[in-house]
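Q: Next up, model09.cif (mmCIF, C-alpha atoms).
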data_structure
#
loop_
_atom_site.label_atom_id
_atom_site.label_comp_id
_atom_site.auth_asym_id
_atom_site.auth_seq_id
_atom_site.Cartn_x
_atom_site.Cartn_y
_atom_site.Cartn_z
CA MET A 1 60.00 124.58 -241.25
CA THR A 2 63.24 125.05 -243.34
CA TYR A 3 63.51 127.31 -246.35
CA THR A 4 66.39 126.80 -248.94
CA CYS A 5 67.55 129.20 -251.76
CA THR A 6 67.46 127.43 -255.02
CA ARG A 7 70.36 129.50 -256.45
CA CYS A 8 72.82 129.78 -253.53
CA GLY A 9 71.54 127.21 -251.18
CA ASP A 10 71.04 129.56 -248.27
CA THR A 11 68.53 128.27 -245.67
CA PHE A 12 66.57 129.46 -242.74
CA THR A 13 63.86 127.87 -240.53
CA ARG A 14 60.80 128.89 -238.76
CA THR A 15 58.68 127.15 -236.24
CA LEU A 16 55.29 125.82 -237.21
CA PRO A 17 52.54 125.29 -234.61
CA LYS A 18 51.93 121.73 -233.29
CA THR A 19 49.30 119.61 -234.91
CA VAL A 20 46.45 118.08 -232.88
CA HIS A 21 46.97 114.57 -231.44
CA SER A 22 45.09 111.79 -233.09
CA TYR A 23 44.06 109.45 -230.24
CA THR A 24 42.65 105.98 -230.33
CA ASP A 25 40.73 104.71 -227.26
CA ARG A 26 41.02 101.35 -225.49
CA VAL A 27 38.63 100.55 -222.64
CA ILE A 28 40.09 98.46 -219.78
CA ASP A 29 37.25 96.70 -217.98
CA PRO A 30 37.31 96.64 -214.21
CA THR A 31 38.09 93.28 -212.47
CA CYS A 32 37.28 91.95 -209.05
CA THR A 33 40.23 93.76 -207.53
CA GLU A 34 41.31 96.38 -210.14
CA LYS A 35 39.55 99.57 -211.34
CA GLY A 36 38.45 99.94 -214.95
CA TYR A 37 39.46 102.90 -217.19
CA THR A 38 39.92 104.18 -220.78
CA VAL A 39 43.41 104.51 -222.28
CA HIS A 40 43.85 107.14 -225.05
CA THR A 41 46.92 106.64 -227.31
CA CYS A 42 48.05 109.11 -230.03
CA THR A 43 48.59 107.28 -233.24
CA GLN A 44 51.22 109.83 -234.31
CA CYS A 45 53.39 110.30 -231.27
CA GLY A 46 52.31 107.55 -228.92
CA ASP A 47 51.26 109.97 -226.22
CA THR A 48 48.84 108.34 -223.77
CA TYR A 49 46.58 109.18 -220.95
CA SER A 50 43.82 107.53 -218.96
CA ASP A 51 40.42 108.63 -217.79
CA SER A 52 36.89 107.40 -217.27
CA GLU A 53 37.79 105.23 -214.26
CA THR A 54 35.24 102.71 -213.01
CA ALA A 55 35.28 101.03 -209.60
CA ALA A 56 36.58 97.48 -209.10
CA LEU A 57 33.78 94.96 -209.34
CA GLY A 58 34.66 93.01 -206.19
CA HIS A 59 34.50 89.23 -205.98
CA ASN A 60 31.30 87.35 -206.70
CA TYR A 61 31.58 84.32 -204.48
CA ILE A 62 29.39 81.24 -204.49
CA SER A 63 29.79 78.59 -201.77
CA ARG A 64 29.44 74.85 -201.41
CA VAL A 65 30.26 72.44 -198.62
CA THR A 66 33.27 70.50 -199.82
CA THR A 67 33.69 68.40 -196.64
CA GLN A 68 30.57 67.38 -194.78
CA PRO A 69 30.69 67.91 -191.02
CA THR A 70 30.13 65.01 -188.61
CA CYS A 71 29.57 64.80 -184.89
CA ALA A 72 33.28 64.11 -184.49
CA LYS A 73 34.83 66.55 -186.99
CA GLU A 74 34.11 70.00 -188.45
CA GLY A 75 33.23 70.28 -192.15
CA VAL A 76 34.64 72.70 -194.78
CA GLU A 77 32.70 75.30 -196.82
CA THR A 78 34.55 76.57 -199.90
CA PHE A 79 33.80 79.98 -201.48
CA THR A 80 34.78 80.44 -205.18
CA CYS A 81 34.61 83.68 -207.19
CA THR A 82 32.66 83.10 -210.40
CA ARG A 83 34.73 85.74 -212.23
CA CYS A 84 38.33 85.22 -211.17
CA GLY A 85 38.30 81.83 -209.49
CA ASP A 86 39.68 83.18 -206.21
CA THR A 87 38.78 80.88 -203.29
CA TYR A 88 38.74 80.76 -199.53
CA THR A 89 37.30 78.36 -196.95
CA ARG A 90 35.67 78.43 -193.56
CA PRO A 91 34.82 75.64 -191.10
CA VAL A 92 31.36 74.18 -190.77
CA ALA A 93 30.28 73.40 -187.20
CA LYS A 94 30.10 69.76 -186.07
CA THR A 95 26.69 68.11 -186.20
CA LEU A 96 24.94 66.89 -183.07
CA HIS A 97 25.50 63.33 -181.86
CA THR A 98 22.79 60.78 -182.65
CA TYR A 99 22.49 58.81 -179.42
CA THR A 100 20.82 55.51 -178.69
CA ASP A 101 20.18 54.72 -175.03
CA THR A 102 20.93 51.43 -173.30
CA VAL A 103 19.73 50.92 -169.74
CA VAL A 104 22.02 48.74 -167.64
CA GLU A 105 20.14 47.52 -164.60
CA PRO A 106 21.93 47.47 -161.24
CA ASP A 107 22.73 44.10 -159.74
CA CYS A 108 23.84 42.96 -156.32
CA THR A 109 27.26 44.61 -156.42
CA ARG A 110 27.35 46.88 -159.49
CA THR A 111 25.81 50.29 -160.10
CA GLY A 112 23.17 50.58 -162.81
CA TYR A 113 23.14 53.40 -165.37
CA THR A 114 21.92 54.57 -168.77
CA GLU A 115 24.59 54.53 -171.47
CA HIS A 116 24.16 56.93 -174.39
CA THR A 117 26.11 55.85 -177.50
CA CYS A 118 26.37 57.84 -180.74
CA THR A 119 25.46 55.68 -183.74
CA VAL A 120 27.77 57.72 -185.97
CA CYS A 121 31.06 58.10 -184.13
CA GLY A 122 30.68 55.73 -181.19
CA SER A 123 31.16 58.44 -178.58
CA SER A 124 29.36 57.62 -175.35
CA TYR A 125 28.56 58.85 -171.90
CA ARG A 126 26.63 57.58 -168.90
CA SER A 127 23.93 59.10 -166.74
CA ASP A 128 21.08 58.22 -164.39
CA TYR A 129 23.18 56.11 -162.03
CA VAL A 130 21.31 53.67 -159.76
CA PRO A 131 23.06 52.18 -156.68
CA PRO A 132 23.55 48.38 -156.33
CA ILE A 133 20.54 46.51 -154.95
CA GLY A 134 22.59 44.25 -152.65
CA HIS A 135 22.47 40.45 -152.35
CA LYS A 136 19.25 38.62 -151.49
CA TYR A 137 20.46 35.51 -149.73
CA GLU A 138 18.40 32.40 -149.07
CA VAL A 139 19.74 30.05 -146.41
CA THR A 140 19.85 26.27 -146.74
CA THR A 141 20.99 24.27 -143.73
CA THR A 142 22.87 21.02 -144.35
CA ALA A 143 23.17 18.80 -141.31
CA PRO A 144 26.52 17.15 -140.63
CA THR A 145 26.90 13.49 -141.49
CA TYR A 146 29.56 10.92 -140.78
CA ASP A 147 31.15 11.69 -144.15
CA SER A 148 30.85 15.48 -144.38
CA GLU A 149 30.58 18.64 -142.31
CA GLY A 150 27.33 20.47 -141.75
CA TYR A 151 26.88 24.14 -142.65
CA ASP A 152 24.50 26.95 -143.52
CA GLU A 153 24.76 27.87 -147.20
CA HIS A 154 23.69 31.37 -148.23
CA ILE A 155 22.82 31.62 -151.95
CA CYS A 156 21.81 34.91 -153.57
CA SER A 157 18.57 34.41 -155.52
CA VAL A 158 19.59 37.21 -157.91
CA CYS A 159 23.18 36.50 -158.93
CA GLY A 160 23.96 33.09 -157.43
CA ASP A 161 26.76 34.34 -155.18
CA SER A 162 27.16 32.04 -152.20
CA TYR A 163 29.06 31.52 -149.00
CA ARG A 164 28.94 29.11 -146.07
CA ASP A 165 29.08 29.64 -142.34
CA ASN A 166 28.08 27.93 -139.11
CA ILE A 167 30.32 25.02 -140.01
CA LYS A 168 29.56 21.94 -137.93
CA PRO A 169 32.07 19.09 -137.65
CA LYS A 170 31.40 15.62 -139.04
CA LEU A 171 29.49 13.23 -136.81
CA ILE A 172 31.49 10.57 -135.04
CA ARG A 173 30.15 7.01 -135.03
CA THR A 174 30.22 5.03 -131.80
CA ASN A 175 32.76 2.25 -132.19
CA LEU A 176 31.42 -1.01 -130.77
CA SER A 177 34.88 -2.32 -130.03
CA GLU A 178 35.66 0.76 -127.92
CA SER A 179 32.37 0.93 -126.02
CA SER A 180 30.70 -0.90 -123.19
CA VAL A 181 28.63 -3.49 -125.06
CA GLN A 182 26.33 -6.15 -123.63
CA LEU A 183 25.04 -9.01 -125.83
CA LEU A 184 21.95 -10.87 -124.67
CA ILE A 185 20.21 -13.84 -126.26
CA ASP A 186 16.72 -15.15 -125.70
CA GLU A 187 17.46 -18.15 -123.47
CA SER A 188 13.98 -19.54 -123.99
CA LYS A 189 14.94 -20.44 -127.55
CA SER A 190 16.85 -23.52 -128.58
CA LEU A 191 19.91 -23.31 -130.79
CA GLU A 192 17.83 -24.32 -133.81
CA GLU A 193 15.10 -21.77 -133.03
CA LEU A 194 17.50 -18.89 -132.38
CA THR A 195 17.31 -16.05 -134.97
CA GLU A 196 18.82 -12.57 -135.36
CA ASN A 197 15.74 -11.08 -133.70
CA ASP A 198 16.53 -12.98 -130.51
CA ILE A 199 19.76 -11.00 -129.98
CA THR A 200 19.71 -7.86 -127.83
CA VAL A 201 22.57 -5.37 -128.06
CA ILE A 202 23.06 -2.78 -125.32
CA VAL A 203 25.75 -0.10 -125.81
CA ASP A 204 26.57 2.29 -122.97
CA GLY A 205 23.15 1.58 -121.47
CA ASN A 206 21.22 2.15 -124.71
CA THR A 207 19.39 -0.71 -126.41
CA LEU A 208 20.15 -0.69 -130.15
CA THR A 209 17.75 -1.40 -132.99
CA LEU A 210 18.42 -4.26 -135.39
CA GLY A 211 18.70 -3.02 -138.98
CA GLU A 212 19.19 0.60 -137.92
CA ASP A 213 22.15 0.38 -135.56
CA TYR A 214 23.60 -3.03 -136.30
CA THR A 215 23.36 -6.26 -138.25
CA VAL A 216 23.71 -9.80 -136.85
CA THR A 217 25.39 -12.88 -138.26
CA LEU A 218 24.80 -16.18 -136.48
CA GLU A 219 27.23 -19.07 -136.93
CA LYS A 220 25.54 -22.10 -135.37
CA ASP A 221 27.52 -25.23 -134.44
CA PRO A 222 24.91 -27.90 -133.58
CA GLU A 223 27.54 -30.57 -132.93
CA ASN A 224 29.10 -28.52 -130.16
CA GLY A 225 25.90 -26.76 -129.17
CA THR A 226 27.35 -23.25 -129.71
CA VAL A 227 26.53 -20.15 -131.69
CA LYS A 228 28.94 -17.36 -132.61
CA VAL A 229 27.15 -14.01 -132.67
CA LYS A 230 28.81 -11.36 -134.83
CA ILE A 231 27.55 -7.81 -134.45
CA THR A 232 28.45 -5.21 -137.13
CA GLY A 233 27.71 -1.53 -136.46
CA ILE A 234 25.73 0.52 -139.03
CA GLY A 235 24.12 3.95 -138.96
CA ASP A 236 25.40 5.72 -135.85
CA TYR A 237 27.67 2.81 -134.98
CA GLU A 238 30.73 1.18 -136.47
CA GLY A 239 33.12 -1.64 -135.70
CA GLU A 240 32.46 -5.30 -135.02
CA LEU A 241 31.96 -7.46 -131.97
CA GLU A 242 31.85 -11.25 -131.62
CA GLU A 243 30.74 -13.48 -128.77
CA THR A 244 30.15 -17.25 -128.60
CA PHE A 245 27.25 -18.70 -126.59
CA GLU A 246 26.89 -22.33 -125.52
CA PHE A 247 23.60 -24.19 -125.56
CA LYS A 248 22.99 -27.29 -123.48
CA LYS A 249 21.16 -29.97 -125.31
CA PRO A 250 17.71 -30.42 -123.75
CA GLN A 251 16.78 -33.78 -122.30
CA PHE A 252 13.68 -35.35 -123.80
CA ASP A 253 11.79 -38.55 -123.30
CA TYR A 254 11.59 -39.66 -126.88
CA ILE A 255 11.48 -42.71 -129.10
CA LYS A 256 14.31 -42.93 -131.57
CA GLY A 257 12.93 -42.50 -135.05
CA ASP A 258 9.56 -41.11 -133.85
CA ILE A 259 10.21 -37.73 -135.54
CA ASN A 260 6.56 -36.58 -135.70
CA ARG A 261 6.10 -37.43 -132.01
CA ASP A 262 3.02 -39.60 -132.45
CA GLY A 263 4.36 -42.45 -130.30
CA LYS A 264 5.35 -44.80 -133.12
CA VAL A 265 7.89 -45.08 -135.92
CA ASP A 266 6.18 -45.31 -139.28
CA THR A 267 6.30 -44.20 -142.90
CA LYS A 268 5.72 -40.55 -141.98
CA ASP A 269 8.84 -40.61 -139.82
CA ALA A 270 10.84 -42.30 -142.59
CA MET A 271 9.80 -39.59 -145.06
CA LEU A 272 10.87 -36.84 -142.63
CA ALA A 273 14.21 -38.59 -142.02
CA VAL A 274 14.91 -38.72 -145.77
CA ALA A 275 13.97 -35.03 -146.17
CA PHE A 276 16.31 -34.08 -143.29
CA ALA A 277 19.13 -36.15 -144.76
CA LYS A 278 18.67 -34.57 -148.23
CA LYS A 279 18.51 -31.10 -146.61
CA THR A 280 15.19 -30.38 -148.30
CA GLN A 281 13.63 -29.81 -144.90
CA ASP A 282 15.03 -28.87 -141.48
CA PRO A 283 13.96 -30.15 -138.07
CA LYS A 284 11.42 -27.89 -136.41
CA ASP A 285 12.94 -28.17 -132.95
CA ASP A 286 15.43 -29.96 -130.74
CA TYR A 287 13.05 -32.90 -130.29
CA GLN A 288 12.95 -33.63 -134.03
CA GLN A 289 16.73 -33.16 -134.18
CA MET A 290 17.32 -35.76 -131.44
CA ALA A 291 14.63 -38.21 -132.66
CA ALA A 292 16.04 -38.17 -136.21
CA ASP A 293 19.70 -38.48 -135.12
CA VAL A 294 19.27 -42.14 -134.32
CA ASN A 295 23.00 -43.01 -134.41
CA GLY A 296 23.76 -40.12 -132.01
CA ASP A 297 26.58 -38.52 -134.00
CA GLY A 298 25.11 -35.02 -133.72
CA ARG A 299 23.89 -34.74 -137.28
CA ILE A 300 21.14 -36.15 -139.49
CA ASP A 301 22.38 -37.85 -142.64
CA SER A 302 21.68 -40.80 -144.95
CA ARG A 303 22.73 -43.31 -142.29
CA ASP A 304 20.06 -42.08 -139.90
CA ALA A 305 17.47 -42.12 -142.69
CA LEU A 306 18.41 -45.71 -143.68
CA ILE A 307 18.08 -46.93 -140.08
CA ILE A 308 14.60 -45.42 -139.77
CA VAL A 309 13.50 -46.72 -143.21
CA ASN A 310 14.62 -50.27 -142.32
CA ALA A 311 12.96 -50.07 -138.92
CA VAL A 312 9.66 -49.23 -140.61
CA LYS A 313 10.14 -51.84 -143.34
CA TYR A 314 11.08 -54.68 -141.02
CA LYS A 315 9.00 -53.42 -138.10
CA LYS A 316 11.95 -53.26 -135.77
CA THR A 317 12.61 -51.11 -132.75
CA ILE A 318 15.56 -48.75 -132.97
CA VAL A 319 17.83 -49.08 -129.95
#
Rewrite the coordinates I just gave you, this time as structure tokens.

A:
Amino acid sequence: MTYTCTRCGDTFTRTLPKTVHSYTDRVIDPTCTEKGYTVHTCTQCGDTYSDSETAALGHNYISRVTTQPTCAKEGVETFTCTRCGDTYTRPVAKTLHTYTDTVVEPDCTRTGYTEHTCTVCGSSYRSDYVPPIGHKYEVTTTAPTYDSEGYDEHICSVCGDSYRDNIKPKLIRTNLSESSVQLLIDESKSLEELTENDITVIVDGNTLTLGEDYTVTLEKDPENGTVKVKITGIGDYEGELEETFEFKKPQFDYIKGDINRDGKVDTKDAMLAVAFAKKTQDPKDDYQQMAADVNGDGRIDSRDALIIVNAVKYKKTIV
């Protein structure tokens, strides 16, 4: 404190004791990571000090799954402090696979198994393996023919797999033109009576069967008394063979024009002659052929019929 003389102005000082601070208090609340305390500040000099500390509160986390886990990928769980907003995460374990099972049966060559497939991610694995069952072949034998080989065909009744073995070569037909062939005809038959059934064919000592081994074509020539026999191989035989046979005309005691052989020439004979000439009827045998061929030219035609008709009409003998 300073003292001053009012007359001369002389001064002196002396020290006064300090006054008491006048503090105001401010409370600092604790946070998640910082302590709390009270700050005292002197309103006169600004002096400060702190006391009344309180512990930090620590975080108050709540969690939620922000990424759902699957069977293929981990999820994410996020923790957030309700006071300060601080966050951190941690993984969430994958879920289990949801499998459906498909049984694949074994076949002849492939192994069977059970396939487990996840309906979520498609991941799969196999188990319960079963060995192949092997083929179950059934055998069909095809005999060789003249057009194709023979063989045994093995076909699997399960999968249809097949193979052939025991191959047999095609059959070879006997060629008539290259074999020892004997043609025989029934000599008891006349040229007119001769039919295909009257021909006998012998090949290498074996008698063949008409319709099974061969066919016959007969080309008759009554004028010359010959027949050309044409044999064509069928079935086990092939090739062709021809041979011409000569027939001697039989000698008959006959009356010219007496076709029905009743000892006279009459209307019945005339009617037969006309039928022969018109080719509506054929002579039954060599006798009828010779009796009707009254002009002796080897055939029966309208001239022969006219001669016989006139002989009946005018009651004349044909000479």

Q: Exactly which residues make up the result of the PyMOL selection byres ((chain A and resi 77) around 9) on this file, given as a list in words?

A: Ser63, Arg64, Val65, Thr66, Thr67, Gln68, Gly75, Val76, Thr78, Phe79, Tyr88, Thr89, Arg90, Pro91 and Val92 of chain A

Q: Smallest atom-to-atom distance to A:Asp266: which of A:Ile28, A:Asp213, A:Lys316, A:Thr98, using only C-alpha atoms?

A: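 The shortest atom-to-atom distance to A:Asp266 comes from A:Lys316.
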
Q: Would you pick out the contacts of stretch 190-196 of chain A at 8 Å or less, using only C-alpha atoms, so that residues sharing its chain but fewer than 3 positions from it are not included, and give the list as a ChimeraX atom specification?

A: /A:186-187,199,216-218,220,222,225-227,247,284-286

Q: So that I can see what lies close to A:Ile255, please list as an NGL selection string the residues with an atom at most 8 Å from it, counting only C-alpha atoms and leaving out residues fewer than 4 positions away in the same chain.

A: :A and (263-264 or 291)

Q: Could you give me, as a list of chain:residue names, the residues within 9 Å of A:His135, counting all atoms listed in the file and dropping anything in the same chain fewer than 4 positions from it?

A: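 Final neighbour list, sorted by chain and number: A:Asp107, A:Cys108, A:Thr109, A:Ile155, A:Cys156, A:Ser157, A:Val158, A:Cys159, A:Asp161.
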
Q: Write out as an MDAnalysis selection string which residues come within 6 Å of A:Thr232 when counting only C-alpha atoms, dropping same-chain ones fewer than 5 positions away.

A: chainID A and resid 214:215 240

Q: From the options A:Thr140, A:Thr174, A:Thr102, A:Thr111, which residue's atoms come nearest to A:Tyr125, counting all atoms listed in the file?

A: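 Checking each candidate against A:Tyr125, we get A:Thr102 as the closest.
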
Q: Please, what distance in Å, to one decimal, runs between atom CA of A:Val274 and atom CA of A:Arg261?

A: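 Taking atom CA of A:Val274 and atom CA of A:Arg261, their separation equals 16.4 Å.
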
Q: What does the distance from atom CA of A:Thr4 to atom CA of A:Val20 come to in Å, to one decimal?

A: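 These atoms are spaced 27.0 Å apart.
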
Q: When the PyMOL selection byres ((chain A and resi 81) around 7) is applied to the file above, which residues end up in the set, as a list in words?

A: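 This file gives the following for the PyMOL selection byres ((chain A and resi 81) around 7): His59, Asn60, Tyr61, Ile62, Phe79, Thr80, Thr82, Arg83, Cys84, Gly85, Asp86 and Thr87 of chain A.
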
Q: With the file shown as input, list the residues that the PyMOL selection byres ((chain A and resi 124) around 12) selects, as JSON, numbers by chain.

A: {"A": [71, 72, 97, 98, 99, 100, 101, 102, 114, 115, 116, 117, 118, 119, 120, 121, 122, 123, 125, 126, 127]}

Q: For A:Arg110, which of A:Val319, A:Ile133, A:Ala277, A:Val201 is the closest residue, counting only C-alpha atoms?

A: A:Ile133

Q: Counting only C-alpha atoms, find residues at most 10 Å from (19.4, -33.7, -133.3) (file frame) and give them as a ChimeraX atom specification.

A: /A:192,222-223,249,283,285-294,296-300

Q: In Å, rounded to a single decimal, give me how far atom CA of A:Tyr314 is from atom CA of A:Ile259.

A: 17.8 Å

Q: Excluding stretch 162-164 of chain A and its own-chain neighbours fewer than 5 positions away, which residues fall within 9 Å of it when counting only C-alpha atoms? Please give them as a ChimeraX atom specification.

A: /A:137,151-156

Q: Let me make sure I understand: among A:Asn295, A:Thr11, A:Ser188, A:Thr54, which one has the smallest atom-to-atom distance to A:Cys32 if we use all atoms listed in the file?

A: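 Ranked by minimum distance to A:Cys32, first place goes to A:Thr54.
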
Q: Using all atoms of stretch 164-175 of chain A that appear in the file, construct an axis-aligned enclosing box with 4 Å of padding on every side and provide its centre coordinates and edge lengths in Å, rounded to one decimal, as lines of an AutoDock Vina configuration file.

A:
center_x = 30.4
center_y = 15.9
center_z = -138.9
size_x = 12.7
size_y = 35.4
size_z = 22.3
